[in-house]
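J.: I have a structure here, written as structure tokens, and I will follow up with some questions on it.
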Amino acid sequence: MKKSGMSHPWRGVLQREAARGRSKTAPLQNPHVTEALPAANPGSAADEQGKTLPLQTMFNEVPRHYDLINRLMTCYFDQAWRKKAAVECLQGHPGSILDLCTGTGDLALMIAERAGRDTRITAVDFSQPMLEAAGRKARQRQAGGQLQIILGDAGRLPFPDEAFDVIGIAFAFRNLTFRNPRTAAYLAEIRRVLKRGGKFVIVETSQPRSAVLRRLFHGYLAAVVAPLGWLVSGHRGAYRYLAWSMRHYYSRNELAALLAGQGFSCIISRPLLGGVAALHVAGKAG
Ligand SMILES: C[S@@+](CC[C@H](N)C(=O)[O-])C[C@H]1O[C@@H](n2cnc3c(N)ncnc32)[C@H](O)[C@@H]1O
């Protein structure tokens, strides 16, 4: 596994900040009005009280049970949805694919299992423990040869301009864009490393159009997802944030508007399981 020399310089500071709830970042009401923070900021999002959540610290603490909780919460639909994203990423036999915010590597591994030998796959995340889990899975499945796993921040990707034909992201776009003051910076960075004519594939939670389904979905988040995540992982805050951010996250139209406002084109999206999740594909204009 190739890693950059990055360690966790912010970890202690962020934990102390989180404990004191001292952040002054207010929640953003309009996803198009964003303010790029300095590149050294490791990523944050506002919680229901408007406090900044240090996302890197949060994700460093959940990987042991992360896959199990995903499977239980979604009754294994999460893997079926990643598979759709993997198939979309591989259409047209691209030479290079980036799995952005790879976590424990599920999307990257699905792509690697289906890709031809001449497709270069790179997986990046800013959580070392998540990447260690991804590395273990890659070794078990002997997918190591084709897959490069790299520690890095989505706001300052360690790649040259136009490095990738396709960028995929599974269940992490919400972290980058939901009331996150760095939204515009993340999208600009994605555009920078994507080739002209390249494709950006997002699989993410969404909002069902049907009011009845939406109410059921939101009830499920509060009654099952948050308590289940807390019970299995012991991390109440992380799973309360997950359920809350899923409840308030963008609909397909809102997400398309966000992408269009940041210079992506040809945006199409497909609802998954009645719209509780969606697959979005956007292009980078030539
Ligand atoms: C909900 S997990 C999704 C992981 C994986 N893609 C999946 O399908 O399960 C979100 C991931 O995004 C990563 N992440 C969040 N913000 C990031 C950032 N600014 N730079 C790099 N990784 C980030 C977290 O460390 C975490 O592994």
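Ordered as shown in the structure tokens, chains take letters A, B, and onward, while each chain numbers its residues from 1 and ligands are numbered from 1 in the order shown.
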Stretch 40-128 of chain A: which residues are alpha helix (DSSP H) by DSSP, as a ChimeraX atom specification?

T.: /A:55-60,63-74,77-90,106-114,128

J.: Using only N, CA and C atoms, please write the residues we just selected to a file, as a CSV table (one decimal), in the first residue's frame.

T.:
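And here is the file that came out, out.csv:
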chain,number,residue,atom,x,y,z
A,55,LEU,N,-14.8,15.6,10.9
A,55,LEU,CA,-15.1,14.4,10.2
A,55,LEU,C,-14.0,13.4,10.2
A,56,GLN,N,-12.7,13.9,10.2
A,56,GLN,CA,-11.6,12.9,10.1
A,56,GLN,C,-11.5,12.1,11.4
A,57,THR,N,-11.7,12.8,12.5
A,57,THR,CA,-11.7,12.1,13.8
A,57,THR,C,-12.8,11.1,13.9
A,58,MET,N,-14.0,11.5,13.4
A,58,MET,CA,-15.1,10.6,13.5
A,58,MET,C,-14.9,9.4,12.7
A,59,PHE,N,-14.3,9.5,11.5
A,59,PHE,CA,-14.1,8.3,10.7
A,59,PHE,C,-13.0,7.5,11.1
A,60,ASN,N,-12.0,8.1,11.8
A,60,ASN,CA,-10.9,7.3,12.4
A,60,ASN,C,-11.4,6.4,13.5
A,63,PRO,N,-14.0,2.4,11.9
A,63,PRO,CA,-13.8,1.4,10.8
A,63,PRO,C,-14.0,-0.1,11.3
A,64,ARG,N,-13.8,-0.4,12.6
A,64,ARG,CA,-13.9,-1.8,13.0
A,64,ARG,C,-15.3,-2.4,12.7
A,65,HIS,N,-16.3,-1.6,12.9
A,65,HIS,CA,-17.7,-2.1,12.7
A,65,HIS,C,-18.3,-1.5,11.4
A,66,TYR,N,-17.6,-0.7,10.7
A,66,TYR,CA,-18.2,0.1,9.6
A,66,TYR,C,-18.9,-0.7,8.6
A,67,ASP,N,-18.2,-1.8,8.1
A,67,ASP,CA,-18.9,-2.6,7.0
A,67,ASP,C,-20.1,-3.3,7.6
A,68,LEU,N,-20.0,-3.9,8.8
A,68,LEU,CA,-21.1,-4.6,9.3
A,68,LEU,C,-22.3,-3.7,9.5
A,69,ILE,N,-22.1,-2.5,10.0
A,69,ILE,CA,-23.2,-1.6,10.3
A,69,ILE,C,-23.9,-1.2,8.9
A,70,ASN,N,-23.0,-0.9,7.9
A,70,ASN,CA,-23.6,-0.6,6.6
A,70,ASN,C,-24.5,-1.7,6.1
A,71,ARG,N,-24.0,-2.9,6.2
A,71,ARG,CA,-24.8,-4.1,5.7
A,71,ARG,C,-26.1,-4.2,6.5
A,72,LEU,N,-26.0,-4.1,7.8
A,72,LEU,CA,-27.2,-4.3,8.6
A,72,LEU,C,-28.2,-3.1,8.4
A,73,MET,N,-27.7,-1.9,8.3
A,73,MET,CA,-28.6,-0.8,8.1
A,73,MET,C,-29.4,-0.8,6.8
A,74,THR,N,-28.7,-1.3,5.8
A,74,THR,CA,-29.3,-1.3,4.4
A,74,THR,C,-29.8,-2.6,4.0
A,77,PHE,N,-28.3,-3.7,0.8
A,77,PHE,CA,-28.6,-2.9,-0.5
A,77,PHE,C,-27.4,-2.0,-0.8
A,78,ASP,N,-26.6,-1.7,0.2
A,78,ASP,CA,-25.5,-0.8,0.0
A,78,ASP,C,-24.5,-1.4,-1.0
A,79,GLN,N,-24.3,-2.7,-1.0
A,79,GLN,CA,-23.4,-3.4,-1.9
A,79,GLN,C,-24.0,-3.4,-3.3
A,80,ALA,N,-25.3,-3.6,-3.4
A,80,ALA,CA,-25.9,-3.6,-4.7
A,80,ALA,C,-25.8,-2.2,-5.4
A,81,TRP,N,-25.9,-1.2,-4.5
A,81,TRP,CA,-25.9,0.2,-5.1
A,81,TRP,C,-24.4,0.5,-5.5
A,82,ARG,N,-23.4,0.1,-4.7
A,82,ARG,CA,-22.0,0.3,-5.1
A,82,ARG,C,-21.7,-0.4,-6.4
A,83,LYS,N,-22.3,-1.6,-6.5
A,83,LYS,CA,-22.1,-2.4,-7.8
A,83,LYS,C,-22.6,-1.6,-9.0
A,84,LYS,N,-23.7,-1.0,-8.9
A,84,LYS,CA,-24.2,-0.1,-10.0
A,84,LYS,C,-23.2,1.0,-10.3
A,85,ALA,N,-22.7,1.6,-9.2
A,85,ALA,CA,-21.7,2.7,-9.4
A,85,ALA,C,-20.5,2.1,-10.1
A,86,ALA,N,-20.0,0.9,-9.7
A,86,ALA,CA,-18.8,0.3,-10.3
A,86,ALA,C,-19.0,0.0,-11.8
A,87,VAL,N,-20.2,-0.5,-12.1
A,87,VAL,CA,-20.5,-0.8,-13.5
A,87,VAL,C,-20.5,0.5,-14.3
A,88,GLU,N,-21.1,1.6,-13.7
A,88,GLU,CA,-21.1,2.9,-14.4
A,88,GLU,C,-19.7,3.4,-14.6
A,89,CYS,N,-18.9,3.3,-13.6
A,89,CYS,CA,-17.5,3.8,-13.7
A,89,CYS,C,-16.7,3.1,-14.8
A,90,LEU,N,-17.0,1.8,-15.0
A,90,LEU,CA,-16.3,1.0,-16.0
A,90,LEU,C,-16.7,1.1,-17.4
A,106,ASP,N,-14.7,-0.6,-0.5
A,106,ASP,CA,-15.7,-1.4,-1.2
A,106,ASP,C,-15.9,-1.1,-2.7
A,107,LEU,N,-16.0,0.2,-3.0
A,107,LEU,CA,-16.2,0.6,-4.4
A,107,LEU,C,-15.0,0.3,-5.2
A,108,ALA,N,-13.8,0.6,-4.7
A,108,ALA,CA,-12.6,0.4,-5.5
A,108,ALA,C,-12.4,-1.1,-5.7
A,109,LEU,N,-12.7,-1.9,-4.7
A,109,LEU,CA,-12.5,-3.4,-4.9
A,109,LEU,C,-13.5,-3.9,-5.9
A,110,MET,N,-14.7,-3.4,-5.9
A,110,MET,CA,-15.7,-3.9,-6.9
A,110,MET,C,-15.3,-3.5,-8.3
A,111,ILE,N,-14.7,-2.3,-8.4
A,111,ILE,CA,-14.2,-1.9,-9.7
A,111,ILE,C,-13.0,-2.8,-10.1
A,112,ALA,N,-12.1,-3.0,-9.2
A,112,ALA,CA,-10.9,-3.8,-9.5
A,112,ALA,C,-11.3,-5.2,-9.9
A,113,GLU,N,-12.4,-5.8,-9.3
A,113,GLU,CA,-12.8,-7.2,-9.7
A,113,GLU,C,-13.3,-7.2,-11.1
A,114,ARG,N,-13.8,-6.1,-11.6
A,114,ARG,CA,-14.5,-6.1,-12.9
A,114,ARG,C,-13.6,-5.5,-14.0
A,128,GLN,N,-6.6,7.1,8.0
A,128,GLN,CA,-5.6,6.0,8.0
A,128,GLN,C,-6.3,4.7,8.5

J.: Near A:Phe200, within 6 Å and counting only C-alpha atoms, which residues show up once chain neighbours fewer than 6 positions away are dropped, as an MDAnalysis selection string?

T.: chainID A and resid 166:168 281:282

J.: What does the distance from atom CA of A:Phe178 to atom CA of A:Thr205 come to in Å, to one decimal?

T.: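 Separation between atom CA of A:Phe178 and atom CA of A:Thr205: 11.6 Å.
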
J.: Counting only C-alpha atoms and all ligand atoms, which of A:Leu147, A:Ala226, A:Ala154, A:Ile121 gets nearest to ligand 1?

T.: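 Using only C-alpha atoms and all ligand atoms, the shortest distance to ligand 1 belongs to A:Ala154.
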
J.: Give me every strand (DSSP E or B) residue in stretch 44-187 of chain A, going by DSSP on the backbone, as a list in words.

T.: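 Taking stretch 44-187 of chain A and keeping strand (DSSP E or B) gives Ser44, Ala45, Ala46, Thr52, Leu53, Pro54, Ser96, Ile97, Leu98, Asp99, Leu100, Arg120, Ile121, Thr122, Ala123, Val124, Asp125, Leu147, Gln148, Ile149, Ile150, Leu151, Phe164, Asp165, Val166, Ile167, Gly168, Ile169 and Ala170 of chain A.
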
J.: Which value, in Å to one decimal, gives the distance between atom CA of A:Gln140 and atom CA of A:Glu204?

T.: 26.8 Å

J.: Residues near stretch 216-223 of chain A, anyone? I mean within 9 Å using only C-alpha atoms, not counting same-chain ones fewer than 5 positions away, as a PyMOL selection string.

T.: chain A and resi 73+207-208+211+228+240+242-244+246-247+276

J.: Quick one: residues within 7 Å of A:Gly283, only C-alpha atoms, excluding same-chain residues fewer than 5 positions away - as a ChimeraX atom specification?

T.: /A:197-200,264-267

J.: Under the rule that only C-alpha atoms are counted, which of A:Ser206, A:Gly135, A:Gly275, A:Phe126 is the nearest residue to A:Pro158?

T.: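 For A:Pro158, the nearest of the candidates is A:Phe126.
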
J.: Interatomic distance between atom CA of A:Ala238 and atom CA of A:Val62?

T.: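 Spanning atom CA of A:Ala238 to atom CA of A:Val62 is a straight-line distance of 8.1 Å.
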